[in-house]
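structure_31.cif, holding mmCIF, C-alpha atoms:
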```
data_structure
loop_
_atom_site.group_PDB
_atom_site.id
_atom_site.type_symbol
_atom_site.label_atom_id
_atom_site.label_comp_id
_atom_site.auth_asym_id
_atom_site.auth_seq_id
_atom_site.Cartn_x
_atom_site.Cartn_y
_atom_site.Cartn_z
ATOM 1 C CA MET A 2 -15.993 11.150 11.135
ATOM 2 C CA LYS A 3 -12.892 10.615 13.241
ATOM 3 C CA GLU A 4 -9.642 9.622 11.545
ATOM 4 C CA ALA A 5 -9.608 6.234 13.276
ATOM 5 C CA ASP A 6 -13.145 5.521 12.068
ATOM 6 C CA MET A 7 -12.238 6.442 8.514
ATOM 7 C CA THR A 8 -9.180 4.204 8.632
ATOM 8 C CA ARG A 9 -11.346 1.262 9.629
ATOM 9 C CA SER A 10 -13.835 2.014 6.874
ATOM 10 C CA PHE A 11 -11.152 1.719 4.194
ATOM 11 C CA LEU A 12 -9.204 -1.237 5.616
ATOM 12 C CA PRO A 13 -9.889 -4.383 3.592
ATOM 13 C CA ASP A 14 -10.847 -7.763 4.916
ATOM 14 C CA PRO A 15 -7.675 -9.909 5.226
ATOM 15 C CA LYS A 16 -9.197 -12.412 2.800
ATOM 16 C CA GLN A 17 -8.689 -10.937 -0.640
ATOM 17 C CA THR A 18 -8.512 -12.422 -4.126
ATOM 18 C CA TRP A 19 -5.590 -10.722 -5.848
ATOM 19 C CA ALA A 20 -4.634 -10.019 -9.425
ATOM 20 C CA HIS A 21 -0.838 -9.719 -9.309
ATOM 21 C CA SER A 22 1.567 -7.846 -11.598
ATOM 22 C CA THR A 23 -1.302 -6.281 -13.516
ATOM 23 C CA CYS A 24 0.917 -4.362 -15.905
ATOM 24 C CA SER A 25 -0.909 -4.333 -19.248
ATOM 25 C CA LYS A 26 -4.182 -2.754 -20.275
ATOM 26 C CA GLU A 27 -5.648 -6.163 -21.148
ATOM 27 C CA GLU A 28 -4.723 -7.602 -17.729
ATOM 28 C CA LEU A 29 -6.060 -4.558 -15.906
ATOM 29 C CA LEU A 30 -9.407 -4.512 -17.706
ATOM 30 C CA ALA A 31 -9.830 -8.251 -17.147
ATOM 31 C CA ALA A 32 -9.141 -7.842 -13.415
ATOM 32 C CA LEU A 33 -11.496 -4.861 -13.114
ATOM 33 C CA ASP A 34 -14.330 -6.768 -14.793
ATOM 34 C CA ASP A 35 -13.801 -9.965 -12.779
ATOM 35 C CA ILE A 36 -16.263 -9.966 -9.878
ATOM 36 C CA ASN A 37 -14.097 -12.537 -8.068
ATOM 37 C CA ILE A 38 -11.065 -10.240 -7.986
ATOM 38 C CA THR A 39 -11.126 -7.893 -4.991
ATOM 39 C CA ALA A 40 -7.609 -6.399 -5.047
ATOM 40 C CA ILE A 41 -5.118 -5.473 -7.757
ATOM 41 C CA GLU A 42 -1.328 -5.275 -7.462
ATOM 42 C CA ALA A 43 0.718 -3.587 -10.157
ATOM 43 C CA ASP A 44 4.375 -2.656 -10.610
ATOM 44 C CA ILE A 45 5.542 0.838 -11.518
ATOM 45 C CA ALA A 46 8.795 1.625 -13.330
ATOM 46 C CA MET A 47 10.149 4.375 -15.551
ATOM 47 C CA GLY A 48 9.928 3.652 -19.260
ATOM 48 C CA ARG A 49 8.306 4.276 -22.623
ATOM 49 C CA LEU A 50 4.805 3.596 -23.847
ATOM 50 C CA LEU A 51 4.419 1.203 -26.748
ATOM 51 C CA LEU A 52 3.232 2.849 -29.968
ATOM 52 C CA ASP A 53 4.260 6.270 -28.620
ATOM 53 C CA ASP A 54 6.734 7.861 -31.008
ATOM 54 C CA SER A 55 7.586 10.696 -28.636
ATOM 55 C CA GLY A 56 10.002 8.519 -26.675
ATOM 56 C CA LEU A 57 8.927 10.234 -23.459
ATOM 57 C CA ILE A 58 10.179 8.551 -20.275
ATOM 58 C CA ARG A 59 7.385 8.393 -17.707
ATOM 59 C CA PRO A 60 5.956 6.123 -14.978
ATOM 60 C CA ILE A 61 4.584 3.013 -16.670
ATOM 61 C CA MET A 62 3.145 -0.250 -15.417
ATOM 62 C CA ALA A 63 6.043 -2.662 -15.779
ATOM 63 C CA HIS A 64 8.314 -4.893 -13.726
ATOM 64 C CA PRO A 65 12.034 -4.281 -14.344
ATOM 65 C CA PRO A 66 13.918 -5.154 -16.425
ATOM 66 C CA ASP A 67 10.901 -4.417 -18.651
ATOM 67 C CA SER A 68 10.986 -0.776 -19.703
ATOM 68 C CA THR A 69 8.030 -0.607 -22.114
ATOM 69 C CA SER A 70 4.311 -1.042 -21.582
ATOM 70 C CA ASP A 71 0.989 -0.232 -23.208
ATOM 71 C CA LEU A 72 -0.192 1.178 -19.866
ATOM 72 C CA SER A 73 0.985 4.386 -18.226
ATOM 73 C CA PHE A 74 0.424 4.977 -14.521
ATOM 74 C CA ASP A 75 -1.943 7.835 -15.344
ATOM 75 C CA CYS A 76 -4.087 5.544 -17.490
ATOM 76 C CA PHE A 77 -3.927 2.740 -14.918
ATOM 77 C CA LEU A 78 -5.229 5.033 -12.204
ATOM 78 C CA GLU A 79 -7.975 6.507 -14.375
ATOM 79 C CA LEU A 80 -9.255 3.038 -15.258
ATOM 80 C CA ALA A 81 -8.875 1.580 -11.758
ATOM 81 C CA THR A 82 -10.778 4.392 -10.033
ATOM 82 C CA ARG A 83 -13.522 4.754 -12.640
ATOM 83 C CA LYS A 84 -16.998 3.572 -11.677
ATOM 84 C CA ARG A 85 -17.955 0.377 -13.515
ATOM 85 C CA ASP A 86 -21.558 -0.775 -13.790
ATOM 86 C CA GLY A 87 -22.310 -3.735 -11.551
ATOM 87 C CA VAL A 88 -18.693 -4.265 -10.458
ATOM 88 C CA PRO A 89 -17.277 -2.933 -7.164
ATOM 89 C CA HIS A 90 -14.004 -1.040 -7.072
ATOM 90 C CA LYS A 91 -10.867 -3.015 -6.183
ATOM 91 C CA HIS A 92 -8.268 -2.313 -3.516
ATOM 92 C CA LEU A 93 -5.013 -1.187 -5.133
ATOM 93 C CA LYS A 94 -1.435 -2.022 -4.241
ATOM 94 C CA LEU A 95 1.030 0.209 -6.066
ATOM 95 C CA ASP A 96 4.459 -1.430 -6.125
ATOM 96 C CA PHE A 97 7.053 1.264 -6.774
ATOM 97 C CA LYS A 98 10.161 -0.253 -8.370
ATOM 98 C CA ARG A 99 12.150 2.951 -8.828
ATOM 99 C CA LEU A 100 12.259 5.991 -6.556
ATOM 100 C CA GLU A 101 11.924 8.413 -9.463
ATOM 101 C CA THR A 102 8.412 7.090 -10.147
ATOM 102 C CA LEU A 103 7.149 8.115 -6.728
ATOM 103 C CA GLU A 104 6.669 11.874 -6.943
ATOM 104 C CA PRO A 105 4.895 11.997 -10.327
ATOM 105 C CA CYS A 106 2.635 9.118 -9.285
ATOM 106 C CA LEU A 107 1.715 10.757 -5.987
ATOM 107 C CA ASN A 108 0.934 13.970 -7.864
ATOM 108 C CA CYS A 109 -1.335 11.998 -10.190
ATOM 109 C CA LEU A 110 -3.005 10.298 -7.218
ATOM 110 C CA CYS A 111 -3.648 13.680 -5.617
ATOM 111 C CA THR A 112 -5.261 15.011 -8.791
ATOM 112 C CA VAL A 113 -7.486 11.989 -9.423
ATOM 113 C CA MET A 114 -8.566 11.398 -5.832
ATOM 114 C CA SER A 115 -9.436 15.054 -5.204
ATOM 115 C CA ARG A 116 -11.961 15.248 -8.026
ATOM 116 C CA GLN A 117 -15.488 15.956 -6.882
ATOM 117 C CA ASP A 118 -16.906 13.190 -9.059
ATOM 118 C CA ASN A 119 -14.438 10.590 -7.778
ATOM 119 C CA SER A 120 -16.343 7.624 -6.273
ATOM 120 C CA PHE A 121 -13.412 5.307 -5.524
ATOM 121 C CA ASP A 122 -13.982 3.825 -2.056
ATOM 122 C CA LYS A 123 -11.203 1.271 -1.508
ATOM 123 C CA MET A 124 -7.752 1.149 0.099
ATOM 124 C CA ILE A 125 -4.570 2.148 -1.717
ATOM 125 C CA PHE A 126 -1.328 0.565 -0.520
ATOM 126 C CA LEU A 127 1.912 2.415 -1.288
ATOM 127 C CA ASN A 128 4.396 -0.435 -1.550
ATOM 128 C CA ALA A 129 8.161 -0.666 -2.012
ATOM 129 C CA ASP A 130 11.009 -3.013 -1.154
ATOM 130 C CA ILE A 131 13.127 -0.820 1.099
ATOM 131 C CA LEU A 132 15.498 -3.372 2.692
ATOM 132 C CA ASN A 133 17.525 -6.312 1.468
ATOM 133 C CA GLY A 134 16.058 -9.696 2.313
ATOM 134 C CA PRO A 135 16.477 -13.432 1.733
ATOM 135 C CA GLY A 136 18.389 -14.279 -1.426
ATOM 136 C CA ASN A 137 19.019 -10.640 -2.212
ATOM 137 C CA ARG A 138 21.084 -9.368 0.695
ATOM 138 C CA TYR A 139 24.008 -7.856 -1.165
ATOM 139 C CA ARG A 140 22.418 -6.202 -4.200
ATOM 140 C CA SER A 141 21.871 -2.475 -4.480
ATOM 141 C CA LEU A 142 18.389 -1.250 -3.642
ATOM 142 C CA HIS A 143 16.511 1.081 -5.994
ATOM 143 C CA ILE A 144 14.361 2.567 -3.211
ATOM 144 C CA GLU A 145 15.945 4.428 -0.280
ATOM 145 C CA ALA A 146 13.852 3.681 2.787
ATOM 146 C CA ASP A 147 13.778 7.052 4.529
ATOM 147 C CA ILE A 148 13.159 9.033 1.332
ATOM 148 C CA PHE A 149 10.293 6.754 0.268
ATOM 149 C CA ILE A 150 8.618 6.967 3.665
ATOM 150 C CA GLU A 151 9.118 10.726 3.946
ATOM 151 C CA LYS A 152 7.563 11.446 0.566
ATOM 152 C CA CYS A 153 4.625 9.095 1.228
ATOM 153 C CA LEU A 154 3.976 10.630 4.634
ATOM 154 C CA GLN A 155 4.062 14.134 3.166
ATOM 155 C CA PHE A 156 1.514 13.012 0.601
ATOM 156 C CA THR A 157 -0.853 11.311 3.043
ATOM 157 C CA GLN A 158 -0.672 14.136 5.578
ATOM 158 C CA THR A 159 -1.769 16.676 2.978
ATOM 159 C CA SER A 160 -4.629 14.543 1.642
ATOM 160 C CA SER A 161 -8.172 15.837 1.926
ATOM 161 C CA ASP A 162 -10.409 14.888 4.841
ATOM 162 C CA GLU A 163 -12.384 12.578 2.543
ATOM 163 C CA ASN A 164 -9.224 10.531 1.929
ATOM 164 C CA LEU A 165 -8.029 10.226 5.524
ATOM 165 C CA GLY A 166 -7.111 6.600 6.149
ATOM 166 C CA ARG A 167 -7.364 5.623 2.477
ATOM 167 C CA TYR A 168 -3.601 5.193 2.049
ATOM 168 C CA SER A 169 -1.336 2.753 3.844
ATOM 169 C CA LEU A 170 2.397 2.179 3.639
ATOM 170 C CA SER A 171 3.329 -1.357 2.644
ATOM 171 C CA LEU A 172 7.042 -1.816 3.304
ATOM 172 C CA GLY A 173 8.919 -4.932 2.286
ATOM 173 C CA TRP A 174 12.233 -6.620 1.711
ATOM 174 C CA SER A 175 13.837 -7.156 -1.687
ATOM 175 C CA VAL A 176 14.068 -10.947 -2.031
ATOM 176 C CA ASP A 177 14.856 -13.634 -4.581
ATOM 177 C CA CYS A 178 11.853 -15.974 -4.632
ATOM 178 C CA ARG A 179 14.129 -18.797 -5.850
ATOM 179 C CA SER A 180 16.207 -18.602 -2.702
ATOM 180 C CA LEU A 181 15.821 -21.151 0.088
ATOM 181 C CA SER A 182 16.997 -18.562 2.618
ATOM 182 C CA GLU A 183 14.687 -17.430 5.381
ATOM 183 C CA TYR A 184 13.926 -14.129 7.050
ATOM 184 C CA THR A 185 16.170 -13.625 10.054
ATOM 185 C CA PRO A 186 15.739 -11.753 13.340
ATOM 186 C CA THR A 187 18.134 -9.172 11.882
ATOM 187 C CA ASP A 188 15.765 -8.600 8.943
ATOM 188 C CA VAL A 189 12.900 -7.929 11.319
ATOM 189 C CA ASP A 190 15.040 -5.736 13.572
ATOM 190 C CA ASN A 191 16.256 -3.645 10.643
ATOM 191 C CA MET A 192 12.663 -3.049 9.552
ATOM 192 C CA ARG A 193 11.663 -2.195 13.110
ATOM 193 C CA LYS A 194 14.412 0.426 13.250
ATOM 194 C CA VAL A 195 13.209 2.004 9.994
ATOM 195 C CA ILE A 196 9.625 2.140 11.239
ATOM 196 C CA GLU A 197 10.546 3.564 14.613
ATOM 197 C CA ARG A 198 12.924 6.085 13.061
ATOM 198 C CA ASN A 199 10.162 7.398 10.826
ATOM 199 C CA GLY A 200 7.267 6.971 13.252
ATOM 200 C CA VAL A 201 4.934 5.117 10.890
ATOM 201 C CA LEU A 202 2.348 2.358 10.881
ATOM 202 C CA THR A 203 2.704 -0.095 8.022
ATOM 203 C CA HIS A 204 1.784 -3.445 6.495
ATOM 204 C CA PHE A 205 4.441 -6.035 5.629
ATOM 205 C CA PRO A 206 4.245 -7.776 2.234
ATOM 206 C CA GLY A 207 6.639 -10.550 3.234
ATOM 207 C CA ARG A 208 7.121 -13.838 1.384
ATOM 208 C CA ILE A 209 6.539 -16.929 3.489
#
```
Please go through the file and, once you have read it, give me the structure as structure tokens.
Amino acid sequence: MKEADMTRSFLPDPKQTWAHSTCSKEELLAALDDINITAIEADIAMGRLLLDDSGLIRPIMAHPPDSTSDLSFDCFLELATRKRDGVPHKHLKLDFKRLETLEPCLNCLCTVMSRQDNSFDKMIFLNADILNGPGNRYRSLHIEADIFIEKCLQFTQTSSDENLGRYSLSLGWSVDCRSLSEYTPTDVDNMRKVIERNGVLTHFPGRI
């Protein structure tokens, strides 16, 4: 199958029913079992697992400033890609909140998705807020745009033939949802420059 054909086969219908910020095991299992949910979004940060006395810092499913969770990224991915009787897989949007989560999560993705018994057949969006946006124009960003894109491209370009077109970059702006500010032509132009500089195709998770 040609790469373009495989990309189309994984691309979801624009009309999706989302479970957002699915950052606990209870929320994830509920979303996976819900036949009305077609796509799952979850935040990834560095932190500690609840009830884990080791104190190990690892990628967990949490939205900063939260730094604890009962769900590690490894466990999230195992559950989300596992075949469930009578319930289709869900598209996944992985929202990376800290750059240091990226490499270990991509390594985990590579391991899980390359298994011979893996039956996961949906799209995986690699998402991060890489530019300042409305209501959040002067705060420091936790994700450096070029580094995030470079590491994601390296990952997707080394994926197996079976996974061609499964991954898509989802690049956004860091915003304050309480702000009444709007996106500006400068916001769009800055994102265009990043995309052109890195030579990528992407989806925009903008707030409107």
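Between CA of Asp147 (chain A) and CA of Ser169 (chain A) lies a distance of 15.7 Å.
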Problem - Among listed residues A:Ile45, A:Leu80, A:Leu12, A:Ile58, nearest Leu29 (chain A) (using all atoms listed in the file) - result: A:Leu80
Exercise for the section: Check which residues satisfy the PyMOL selection byres ((chain A and resi 88) around 8) in the file shown, then give them as JSON, numbers by chain. Expected result: {"A": [33, 34, 35, 36, 85, 86, 87, 89, 90]}
Exercise for the section: Expand the PyMOL selection byres ((chain A and resi 118-123) around 9) into the individual residues it matches in the shown file, reporting them as a count of residues only. Expected result: 20
Practice task
Name all residues at most 12 Å from Arg138 (chain A) (count only C-alpha atoms; drop same-chain ones fewer than 3 positions away) and give them as a VMD selection string.
Solution key: chain A and resid 131 to 135 141 to 142 174 to 177 180 182 to 185 187 to 188
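For the pair CA of Thr23 (chain A) and CA of Glu101 (chain A), the separation is 20.2 Å.
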Problem - Residues matched by the PyMOL selection byres ((chain A and resi 24) around 9) as a PyMOL selection string - result: chain A and resi 21-23+25-29+42-45+61-64+70-72+77
With 5 Å on each side, where is the centre of the axis-aligned box around all listed atoms of region 179-189 of chain A, and how long are its edges in Å to one decimal, as JSON?
```
{"center_x": 15.5, "center_y": -14.5, "center_z": 3.7, "size_x": 15.2, "size_y": 23.2, "size_z": 29.2}
```
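Coordinates place CA of Leu30 (chain A) at a distance of 22.6 Å from CA of Thr102 (chain A).
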Exercise for the section: Skip Gly56 (chain A) itself and residues of its chain fewer than 4 positions away, then list as a ChimeraX atom specification all residues within 12 Å of it, counting all atoms listed in the file. Expected result: /A:47-52,68-69
Practice task
Could you give me, as a count of residues only, the residues that have an atom at most 12 Å away from the point (-6.1, 15.1, 0.7) in the coordinates of the file, using only C-alpha atoms?
Solution key: 24
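Considering the residues A:Phe149, A:Trp19, A:Phe97, A:Phe74 and counting all atoms listed in the file, Cys109 (chain A) has its shortest atom-to-atom contact with A:Phe74.
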Will you give me region 162-176 of chain A, written with all heavy atoms and laid out as a CSV table (one decimal), in the first residue's frame?
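Written file, decode-v2.csv:
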```
chain,number,residue,atom,x,y,z
A,162,ASP,N,6.7,-0.1,8.3
A,162,ASP,CA,5.8,0.2,7.2
A,162,ASP,C,4.3,0.1,7.6
A,162,ASP,O,3.5,0.8,7.1
A,162,ASP,CB,6.1,-0.9,6.0
A,162,ASP,CG,7.4,-0.6,5.3
A,162,ASP,OD1,7.9,0.5,5.5
A,162,ASP,OD2,7.9,-1.5,4.7
A,163,GLU,N,4.0,-0.8,8.5
A,163,GLU,CA,2.6,-1.0,9.0
A,163,GLU,C,2.1,0.2,9.7
A,163,GLU,O,0.9,0.4,9.7
A,163,GLU,CB,2.6,-2.2,10.0
A,163,GLU,CG,2.8,-3.6,9.3
A,163,GLU,CD,4.3,-3.9,9.2
A,163,GLU,OE1,5.1,-3.0,9.6
A,163,GLU,OE2,4.6,-4.9,8.6
A,164,ASN,N,3.0,1.1,10.2
A,164,ASN,CA,2.6,2.3,10.9
A,164,ASN,C,2.7,3.5,10.1
A,164,ASN,O,2.5,4.6,10.7
A,164,ASN,CB,3.3,2.4,12.2
A,164,ASN,CG,2.9,1.3,13.2
A,164,ASN,OD1,1.7,1.0,13.4
A,164,ASN,ND2,3.9,0.7,13.9
A,165,LEU,N,3.0,3.4,8.9
A,165,LEU,CA,3.1,4.6,8.0
A,165,LEU,C,1.8,5.4,8.0
A,165,LEU,O,0.7,4.8,7.8
A,165,LEU,CB,3.5,4.3,6.6
A,165,LEU,CG,5.0,4.0,6.3
A,165,LEU,CD1,5.2,3.6,4.9
A,165,LEU,CD2,5.8,5.3,6.5
A,166,GLY,N,1.8,6.7,8.3
A,166,GLY,CA,0.6,7.4,8.3
A,166,GLY,C,-0.2,7.3,9.6
A,166,GLY,O,-1.3,8.0,9.7
A,167,ARG,N,0.2,6.6,10.5
A,167,ARG,CA,-0.6,6.4,11.8
A,167,ARG,C,-0.4,7.6,12.7
A,167,ARG,O,-1.3,8.0,13.4
A,167,ARG,CB,-0.1,5.2,12.5
A,167,ARG,CG,-0.9,5.0,13.8
A,167,ARG,CD,-0.4,3.8,14.6
A,167,ARG,NE,-0.4,2.6,13.9
A,167,ARG,CZ,-1.5,1.8,13.8
A,167,ARG,NH1,-2.6,2.2,14.2
A,167,ARG,NH2,-1.4,0.7,13.1
A,168,TYR,N,0.7,8.3,12.6
A,168,TYR,CA,1.0,9.4,13.5
A,168,TYR,C,0.9,10.7,12.8
A,168,TYR,O,1.2,10.9,11.6
A,168,TYR,CB,2.5,9.3,14.0
A,168,TYR,CG,2.7,7.9,14.7
A,168,TYR,CD1,3.5,7.0,14.0
A,168,TYR,CD2,2.2,7.6,15.9
A,168,TYR,CE1,3.7,5.7,14.6
A,168,TYR,CE2,2.5,6.4,16.5
A,168,TYR,CZ,3.2,5.5,15.8
A,168,TYR,OH,3.5,4.2,16.4
A,169,SER,N,0.4,11.7,13.5
A,169,SER,CA,0.3,13.1,12.9
A,169,SER,C,0.7,14.1,14.0
A,169,SER,O,0.3,13.9,15.2
A,169,SER,CB,-1.2,13.4,12.5
A,169,SER,OG,-1.3,14.7,12.0
A,170,LEU,N,1.4,15.1,13.6
A,170,LEU,CA,1.7,16.2,14.5
A,170,LEU,C,0.5,17.1,14.7
A,170,LEU,O,-0.2,17.3,13.7
A,170,LEU,CB,2.9,17.0,13.9
A,170,LEU,CG,4.3,16.5,14.0
A,170,LEU,CD1,5.3,17.4,13.3
A,170,LEU,CD2,4.7,16.4,15.5
A,171,SER,N,0.3,17.5,15.9
A,171,SER,CA,-0.8,18.4,16.2
A,171,SER,C,-0.2,19.5,17.0
A,171,SER,O,0.1,19.4,18.2
A,171,SER,CB,-1.9,17.6,17.1
A,171,SER,OG,-2.9,18.5,17.6
A,172,LEU,N,0.0,20.6,16.4
A,172,LEU,CA,0.8,21.7,16.9
A,172,LEU,C,-0.1,22.9,17.3
A,172,LEU,O,-1.0,23.3,16.5
A,172,LEU,CB,1.8,22.2,15.9
A,172,LEU,CG,2.8,21.2,15.4
A,172,LEU,CD1,3.7,21.8,14.4
A,172,LEU,CD2,3.6,20.5,16.5
A,173,GLY,N,0.0,23.4,18.5
A,173,GLY,CA,-0.9,24.4,19.0
A,173,GLY,C,-0.2,25.6,19.7
A,173,GLY,O,1.0,25.6,19.8
A,174,TRP,N,-1.0,26.5,20.1
A,174,TRP,CA,-0.6,27.7,20.9
A,174,TRP,C,-1.0,27.5,22.4
A,174,TRP,O,-2.0,27.0,22.7
A,174,TRP,CB,-1.3,28.9,20.4
A,174,TRP,CG,-1.0,29.3,19.0
A,174,TRP,CD1,-0.1,30.3,18.6
A,174,TRP,CD2,-1.6,28.8,17.8
A,174,TRP,NE1,-0.1,30.4,17.2
A,174,TRP,CE2,-1.0,29.5,16.7
A,174,TRP,CE3,-2.6,27.9,17.5
A,174,TRP,CZ2,-1.3,29.3,15.3
A,174,TRP,CZ3,-2.9,27.6,16.2
A,174,TRP,CH2,-2.3,28.3,15.1
A,175,SER,N,-0.1,27.9,23.2
A,175,SER,CA,-0.4,27.9,24.7
A,175,SER,C,-1.3,29.1,24.9
A,175,SER,O,-0.9,30.3,24.7
A,175,SER,CB,0.9,28.1,25.5
A,175,SER,OG,0.6,28.1,26.9
A,176,VAL,N,-2.5,28.9,25.4
A,176,VAL,CA,-3.5,29.9,25.6
A,176,VAL,C,-4.1,29.9,27.0
A,176,VAL,O,-3.9,28.9,27.7
A,176,VAL,CB,-4.7,29.8,24.6
A,176,VAL,CG1,-4.1,29.8,23.2
A,176,VAL,CG2,-5.5,28.6,24.8
```
